[in-house]
Structure formats: C-alpha cells, structure tokens
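Peer 1: Got a structure for you, input-v6.pdb, holding PDB, C-alpha atoms.
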```
ATOM      1  CA  MET A 990     -11.086  51.398  31.097
ATOM      2  CA  THR A 991     -10.301  51.768  34.825
ATOM      3  CA  GLN A 992     -10.523  48.006  35.239
ATOM      4  CA  ASN A 993      -8.073  47.482  32.356
ATOM      5  CA  ASN A 994      -5.651  49.996  33.863
ATOM      6  CA  ASP A 995      -5.861  48.306  37.275
ATOM      7  CA  ARG A 996      -5.207  44.891  35.712
ATOM      8  CA  HIS A 997      -2.267  46.281  33.763
ATOM      9  CA  ALA A 998      -0.804  47.943  36.867
ATOM     10  CA  MET A 999      -1.065  44.702  38.846
ATOM     11  CA  LYS A1000       0.568  42.738  36.043
ATOM     12  CA  MET A1001       3.436  45.239  35.752
ATOM     13  CA  ALA A1002       3.883  45.296  39.550
ATOM     14  CA  LYS A1003       4.351  41.509  39.525
ATOM     15  CA  LYS A1004       6.833  41.796  36.660
ATOM     16  CA  LYS A1005       8.764  44.496  38.506
ATOM     17  CA  THR A1006       8.957  42.376  41.659
ATOM     18  CA  ALA A1007      10.250  39.395  39.669
ATOM     19  CA  ARG A1008      12.681  41.600  37.744
ATOM     20  CA  ASP A1009      14.001  43.281  40.891
ATOM     21  CA  LYS A1010      14.588  39.863  42.444
ATOM     22  CA  ILE A1011      16.634  38.761  39.424
ATOM     23  CA  MET A1012      18.603  42.031  39.293
ATOM     24  CA  ALA A1013      19.484  41.761  42.994
ATOM     25  CA  THR A1014      21.531  38.641  42.174
ATOM     26  CA  LYS A1015      23.554  40.428  39.449
ATOM     27  CA  THR A1016      26.301  42.075  41.447
ATOM     28  CA  GLY A1017      29.462  41.102  39.546
ATOM     29  CA  GLU A1018      31.474  43.576  37.528
ATOM     30  CA  ARG A1019      34.429  42.970  35.204
ATOM     31  CA  GLY A1020      35.810  43.819  31.806
ATOM     32  CA  LEU A1021      33.988  41.947  29.061
ATOM     33  CA  ILE A1022      35.082  40.274  25.834
ATOM     34  CA  ILE A1023      32.392  41.282  23.339
ATOM     35  CA  VAL A1024      32.008  39.837  19.827
ATOM     36  CA  HIS A1025      29.852  41.291  17.047
ATOM     37  CA  THR A1026      29.642  38.910  14.104
ATOM     38  CA  GLY A1027      27.258  37.623  11.426
ATOM     39  CA  LYS A1028      26.360  38.451   7.816
ATOM     40  CA  GLY A1029      24.071  41.335   8.700
ATOM     41  CA  LYS A1030      25.001  45.010   8.635
ATOM     42  CA  GLY A1031      25.687  46.817  11.891
ATOM     43  CA  LYS A1032      28.584  45.025  13.576
ATOM     44  CA  SER A1033      31.008  47.934  13.558
ATOM     45  CA  SER A1034      28.181  50.459  13.946
ATOM     46  CA  ALA A1035      27.048  48.785  17.170
ATOM     47  CA  ALA A1036      30.630  48.617  18.426
ATOM     48  CA  PHE A1037      31.206  52.302  17.727
ATOM     49  CA  GLY A1038      27.965  53.010  19.564
ATOM     50  CA  MET A1039      29.577  51.436  22.628
ATOM     51  CA  ILE A1040      32.746  53.492  22.101
ATOM     52  CA  PHE A1041      30.700  56.691  21.934
ATOM     53  CA  ARG A1042      28.806  55.656  25.046
ATOM     54  CA  ALA A1043      32.139  55.142  26.830
ATOM     55  CA  ILE A1044      33.351  58.544  25.616
ATOM     56  CA  ALA A1045      30.149  60.141  26.934
ATOM     57  CA  HIS A1046      30.980  58.694  30.361
ATOM     58  CA  GLY A1047      34.531  60.056  30.197
ATOM     59  CA  MET A1048      36.052  56.572  29.849
ATOM     60  CA  PRO A1049      39.393  56.534  27.993
ATOM     61  CA  SER A1050      39.069  54.219  24.985
ATOM     62  CA  ALA A1051      40.872  53.134  21.846
ATOM     63  CA  VAL A1052      40.065  51.838  18.368
ATOM     64  CA  VAL A1053      42.204  49.749  16.019
ATOM     65  CA  GLN A1054      40.888  49.238  12.480
ATOM     66  CA  PHE A1055      42.305  46.072  10.954
ATOM     67  CA  ILE A1056      40.819  46.281   7.454
ATOM     68  CA  LYS A1057      38.917  49.456   6.614
ATOM     69  CA  GLY A1058      41.825  51.868   6.501
ATOM     70  CA  GLY A1059      41.529  52.513   2.793
ATOM     71  CA  MET A1060      38.147  54.243   3.028
ATOM     72  CA  GLU A1061      36.686  57.323   4.669
ATOM     73  CA  CYS A1062      35.026  56.655   8.007
ATOM     74  CA  GLY A1063      32.633  59.040   9.749
ATOM     75  CA  GLU A1064      33.355  57.544  13.159
ATOM     76  CA  ARG A1065      37.086  58.115  12.722
ATOM     77  CA  ASN A1066      36.516  61.725  11.658
ATOM     78  CA  LEU A1067      34.276  62.436  14.643
ATOM     79  CA  ILE A1068      36.664  60.879  17.149
ATOM     80  CA  ARG A1069      39.759  62.479  15.594
ATOM     81  CA  ASP A1070      38.188  65.944  15.396
ATOM     82  CA  HIS A1071      36.329  66.058  18.707
ATOM     83  CA  PHE A1072      37.312  63.253  21.096
ATOM     84  CA  SER A1073      40.976  62.479  20.465
ATOM     85  CA  ASP A1074      41.723  63.288  24.111
ATOM     86  CA  LEU A1075      39.495  60.388  25.205
ATOM     87  CA  CYS A1076      39.853  57.898  22.350
ATOM     88  CA  ALA A1077      42.995  56.953  20.446
ATOM     89  CA  PHE A1078      42.181  55.918  16.863
ATOM     90  CA  HIS A1079      44.605  53.727  14.898
ATOM     91  CA  THR A1080      43.848  52.923  11.269
ATOM     92  CA  MET A1081      46.167  50.001  10.539
ATOM     93  CA  GLY A1082      44.565  48.315   7.527
ATOM     94  CA  GLU A1083      44.797  49.425   3.917
ATOM     95  CA  GLY A1084      41.404  48.278   2.669
ATOM     96  CA  PHE A1085      39.472  45.095   2.084
ATOM     97  CA  THR A1086      41.483  42.037   1.075
ATOM     98  CA  TRP A1087      40.005  41.857  -2.411
ATOM     99  CA  GLU A1088      41.184  45.433  -3.012
ATOM    100  CA  THR A1089      44.755  45.124  -1.729
ATOM    101  CA  GLN A1090      45.353  41.729  -3.407
ATOM    102  CA  ASP A1091      48.643  41.412  -1.541
ATOM    103  CA  LYS A1092      48.586  38.712   1.143
ATOM    104  CA  THR A1093      52.111  39.413   2.372
ATOM    105  CA  ARG A1094      51.345  43.102   2.870
ATOM    106  CA  ASP A1095      47.946  42.339   4.460
ATOM    107  CA  THR A1096      49.599  39.887   6.862
ATOM    108  CA  GLU A1097      52.246  42.436   7.846
ATOM    109  CA  MET A1098      49.629  45.126   8.436
ATOM    110  CA  ALA A1099      47.421  42.788  10.477
ATOM    111  CA  ALA A1100      50.396  41.706  12.593
ATOM    112  CA  ALA A1101      51.234  45.361  13.274
ATOM    113  CA  ALA A1102      47.593  46.065  14.141
ATOM    114  CA  TRP A1103      47.568  43.147  16.584
ATOM    115  CA  GLU A1104      50.743  44.381  18.279
ATOM    116  CA  LYS A1105      49.186  47.851  18.626
ATOM    117  CA  SER A1106      45.996  46.248  19.978
ATOM    118  CA  LYS A1107      47.901  44.330  22.639
ATOM    119  CA  ALA A1108      49.701  47.490  23.763
ATOM    120  CA  LEU A1109      46.423  49.403  24.020
ATOM    121  CA  ILE A1110      44.705  46.601  25.930
ATOM    122  CA  ARG A1111      47.629  46.208  28.331
ATOM    123  CA  ASP A1112      47.404  49.919  29.138
ATOM    124  CA  GLU A1113      44.888  49.886  31.987
ATOM    125  CA  ALA A1114      44.093  53.550  31.351
ATOM    126  CA  ASN A1115      42.029  52.325  28.375
ATOM    127  CA  GLN A1116      38.723  51.086  29.705
ATOM    128  CA  MET A1117      37.366  49.970  26.321
ATOM    129  CA  VAL A1118      39.238  48.868  23.186
ATOM    130  CA  LEU A1119      37.564  48.159  19.837
ATOM    131  CA  LEU A1120      39.318  45.799  17.414
ATOM    132  CA  ASP A1121      37.333  46.581  14.280
ATOM    133  CA  GLU A1122      37.207  43.795  11.659
ATOM    134  CA  ILE A1123      39.767  41.654  13.492
ATOM    135  CA  ASN A1124      37.594  38.621  12.677
ATOM    136  CA  ILE A1125      38.398  39.128   8.988
ATOM    137  CA  ALA A1126      42.129  39.087   9.728
ATOM    138  CA  LEU A1127      41.660  35.927  11.788
ATOM    139  CA  ARG A1128      39.578  34.251   9.099
ATOM    140  CA  TYR A1129      42.287  34.772   6.475
ATOM    141  CA  GLY A1130      45.025  33.607   8.841
ATOM    142  CA  TYR A1131      46.783  36.968   8.960
ATOM    143  CA  ILE A1132      47.012  36.626  12.741
ATOM    144  CA  ASP A1133      46.927  33.519  14.914
ATOM    145  CA  ILE A1134      43.657  32.743  16.716
ATOM    146  CA  VAL A1135      45.608  30.819  19.375
ATOM    147  CA  ASP A1136      47.631  33.939  20.168
ATOM    148  CA  VAL A1137      44.528  36.151  20.270
ATOM    149  CA  VAL A1138      42.583  33.812  22.561
ATOM    150  CA  ALA A1139      45.562  33.277  24.895
ATOM    151  CA  PHE A1140      46.201  37.014  25.160
ATOM    152  CA  LEU A1141      42.566  37.899  25.884
ATOM    153  CA  ARG A1142      42.246  35.065  28.388
ATOM    154  CA  ASP A1143      45.562  35.548  30.202
ATOM    155  CA  GLU A1144      46.701  39.160  29.758
ATOM    156  CA  LYS A1145      43.654  41.389  29.362
ATOM    157  CA  PRO A1146      43.324  43.590  32.469
ATOM    158  CA  ALA A1147      40.394  42.547  34.628
ATOM    159  CA  MET A1148      38.328  45.703  34.095
ATOM    160  CA  THR A1149      39.060  46.375  30.407
ATOM    161  CA  HIS A1150      36.285  45.798  27.871
ATOM    162  CA  VAL A1151      37.408  44.519  24.442
ATOM    163  CA  ILE A1152      35.082  44.488  21.421
ATOM    164  CA  LEU A1153      35.940  42.365  18.367
ATOM    165  CA  THR A1154      33.965  42.759  15.138
ATOM    166  CA  GLY A1155      33.687  41.114  11.745
ATOM    167  CA  ARG A1156      31.993  38.211  10.000
ATOM    168  CA  ASN A1157      32.762  34.585  10.718
ATOM    169  CA  ALA A1158      34.014  34.933  14.280
ATOM    170  CA  HIS A1159      36.195  31.943  15.156
ATOM    171  CA  ALA A1160      34.586  29.320  17.406
ATOM    172  CA  ASP A1161      37.465  29.617  19.900
ATOM    173  CA  LEU A1162      36.853  33.358  20.205
ATOM    174  CA  ILE A1163      33.128  32.819  20.713
ATOM    175  CA  GLU A1164      33.960  30.267  23.402
ATOM    176  CA  ILE A1165      35.885  32.738  25.581
ATOM    177  CA  ALA A1166      33.615  35.739  24.917
ATOM    178  CA  ASP A1167      31.225  37.066  27.545
ATOM    179  CA  LEU A1168      28.818  38.609  25.044
ATOM    180  CA  VAL A1169      28.295  37.484  21.442
ATOM    181  CA  THR A1170      25.828  39.077  19.042
ATOM    182  CA  GLU A1171      25.230  37.689  15.572
ATOM    183  CA  MET A1172      23.793  40.196  13.111
ATOM    184  CA  GLU A1173      21.347  38.395  10.849
ATOM    185  CA  LEU A1174      20.897  39.605   7.269
ATOM    186  CA  VAL A1175      17.214  39.890   6.404
ATOM    187  CA  LYS A1176      17.326  42.521   3.659
ATOM    188  CA  HIS A1177      20.037  44.793   2.257
ATOM    189  CA  PRO A1178      19.800  47.635  -0.297
ATOM    190  CA  PHE A1179      23.002  46.441  -2.011
ATOM    191  CA  ARG A1180      20.950  43.569  -3.471
ATOM    192  CA  SER A1181      18.675  46.153  -5.087
ATOM    193  CA  GLY A1182      21.559  47.976  -6.741
ATOM    194  CA  ILE A1183      22.023  50.633  -4.042
ATOM    195  CA  LYS A1184      25.669  51.508  -3.340
ATOM    196  CA  ALA A1185      27.200  52.159   0.085
ATOM    197  CA  GLN A1186      26.156  55.637   1.207
ATOM    198  CA  VAL A1187      27.616  58.304   3.478
ATOM    199  CA  GLY A1188      26.078  58.205   6.943
ATOM    200  CA  VAL A1189      24.730  54.680   6.481
ATOM    201  CA  GLU A1190      27.750  52.516   5.676
ATOM    202  CA  PHE A1191      30.635  54.879   6.428
TER
END
```
Please lay out the structure from this file as structure tokens.

Peer 2:
Amino acid sequence: MTQNNDRHAMKMAKKKTARDKIMATKTGERGLIIVHTGKGKGKSSAAFGMIFRAIAHGMPSAVVQFIKGGMECGERNLIRDHFSDLCAFHTMGEGFTWETQDKTRDTEMAAAAWEKSKALIRDEANQMVLLDEINIALRYGYIDIVDVVAFLRDEKPAMTHVILTGRNAHADLIEIADLVTEMELVKHPFRSGIKAQVGVEF
C-alpha cells in the first residue's frame, strides 16, 4: 500500500509540475464571447450558472431573454427578488415561435431585444451579459447575423463577457467566439412522456 501511495504521489507531482508550467504561460485576460449551443438540455442553465457566479463575485451583470418570455422562469424570479441590484433582467420575448405564430411580432420583439442587448453591452458597468436564446432569433432571421457579429467584434468593450445561447448557433458566431460548448443530447425524459418540470426545465 505504501509503495502504491509513493508511486501515486510521484505521478501526481510530475503532473503538477507539467500543469504549473502550462498555467504560467496563461497570463492574458479579456472579455470573452461565449456560445452555448447544441440539441442537448442545459444551454441556458449553464449560462445562468455563470451569471450567478458573477453575482457571487459582486460583478454587475445583465440578462436579455429573446424567446422564453411567455413562461415562468426560476432564474428570473431569483434574480428579480434577490439580486436586482447586481443583475438587470429583461424579458423581451413572448414565447417560443410555434406558440406566438406571428413572424412580424416575433421579428419586432427580437429587434427590440437586440437593441436592449447592445445598450447593456456598451455599458461598461456590466461585466457579463447573457443573451438567452438569441441563436433561435438568428436562426429564424429575426435579427441579422452580420450585425450581431460586427457589433461583438467591433463594439463590445474589451473586458465584457457576453454569453449567447440556443440551438443551431450560426457558423459566423462560432468563428468569432472564444469559447463554444455544444450540448449533446444522449437521453431526455420528454421522449418517455415526461413533461417539463419546475426546477428542472424552468
């Protein structure tokens, strides 16, 4: 047992030395463009996890919801009731596109949400801004991907983090992003007849 422990300690010491050497080269710091996409569940949940982490560090933040405005949202309730001094929350959408069934109205709402997003990002007091489900608005052409990419590339303050969520992230957005995570669907209770549940989906 002692021999195994000694071997393990030596192995971990080598790993630590190699890791420390790598970490010593990582000295840059800047605001990131972060994309959460894919068919799997957890894109918005992971993004809100980052917002709550920022709140815990006292970092002023903001959220714009492009699509989910028509439904109750636990994250919105928590932020509104307890952290509104640190995180502005703007629900701009009126529900999923198959529920609204009004492309003109959806386009108008998405355009308004994008204008609000740009104002929040330009405000350097906001250190992190979440654009929840913006990828859906981009996919349906409610807002222009060229405009979004140009704004993030040319106007985003250097130290502001921006998170963009939703399925089918546009290739041009992925190209300019610093961090892209694709949630892969392996199994989902919906396929077994289980509805969306409080605390899990919303």

Peer 1: List the spatial neighbours of segment 1112-1117 of chain A as a PyMOL selection string - criterion: any atom at most 8 Å away, all atoms listed in the file, same-chain residues fewer than 4 positions off excluded.

Peer 2: chain A and resi 1040+1043+1048-1051+1108+1146+1148-1152

Peer 1: Check the smallest atom-to-atom distance from each of A:Ala1002, A:Met1081, A:Ala1099, A:Leu1153 to Leu1120 of chain A using all atoms listed in the file, then report the winner.

Peer 2: A:Leu1153

Peer 1: Which is closer to Ile1044 of chain A than all the others in A:Lys1184, A:Arg1019, A:His1071, A:Arg1111, using only C-alpha atoms?

Peer 2: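 For Ile1044 of chain A, the nearest of the candidates is A:His1071.
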
Peer 1: Let me make sure I understand: among A:Ser1106, A:Gln1186, A:Thr1080, A:Thr1026, which one has the smallest atom-to-atom distance to Arg1156 of chain A if we use all atoms listed in the file?

Peer 2: A:Thr1026

Peer 1: Quick one: residues within 12 Å of (43.6, 45.2, 9.7) (file frame), counting all atoms listed in the file, please, as a VMD selection string.

Peer 2: chain A and resid 1052 to 1059 1079 to 1086 1089 1092 1094 to 1106 1120 to 1132 1153 to 1155

Peer 1: So, counting all atoms listed in the file, which residue among A:His1025, A:Arg1069, A:Lys1030, A:Lys1176 is closest to Leu1119 of chain A?

Peer 2: A:His1025

Peer 1: Could you tell me how far atom CA of Ile1023 of chain A sits from atom CA of Val1169 of chain A, in Å to one decimal place?

Peer 2: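 One can read the atom CA of Val1169 of chain A to atom CA of Ile1023 of chain A distance as 5.9 Å.
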
Peer 1: Quick check, in Å to one decimal: how far apart do atom CA of Ile1165 of chain A and atom CA of Ala1077 of chain A lie?

Peer 2: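 For atom CA of Ile1165 of chain A relative to atom CA of Ala1077 of chain A, the distance reads 25.8 Å.
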
Peer 1: Counting all atoms listed in the file, which residue out of A:Gly1047, A:Thr1170, A:Ile1134, A:Phe1041 sits closest to Leu1067 of chain A?

Peer 2: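 Once distances to Leu1067 of chain A are computed over all atoms listed in the file, the minimum belongs to A:Phe1041.
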
Peer 1: Pick from A:Met1001, A:Met990, A:Val1024, A:Val1187: nearest to Leu1168 of chain A, with all atoms listed in the file counted?

Peer 2: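 Checking each of A:Met1001, A:Met990, A:Val1024, A:Val1187 against Leu1168 of chain A, counting all atoms listed in the file, the winner is A:Val1024.
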
Peer 1: Report, in Å to a single decimal, how far apart atom CA of Ala998 of chain A and atom CA of Lys1010 of chain A are.

Peer 2: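 Calculated distance between atom CA of Lys1010 of chain A and atom CA of Ala998 of chain A is 18.3 Å.
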
Peer 1: Once the PyMOL selection byres ((chain A and resi 1172) around 6) has been evaluated on this model, what residues remain selected, and can you format them as a ChimeraX atom specification?

Peer 2: /A:1027,1029,1171,1173

Peer 1: Around (29.3, 61.8, 10.9) in the file's own coordinates, what residues are found within 10 Å if you use all atoms listed in the file, given back as a PyMOL selection string?

Peer 2: chain A and resi 1062-1068+1187-1189+1191
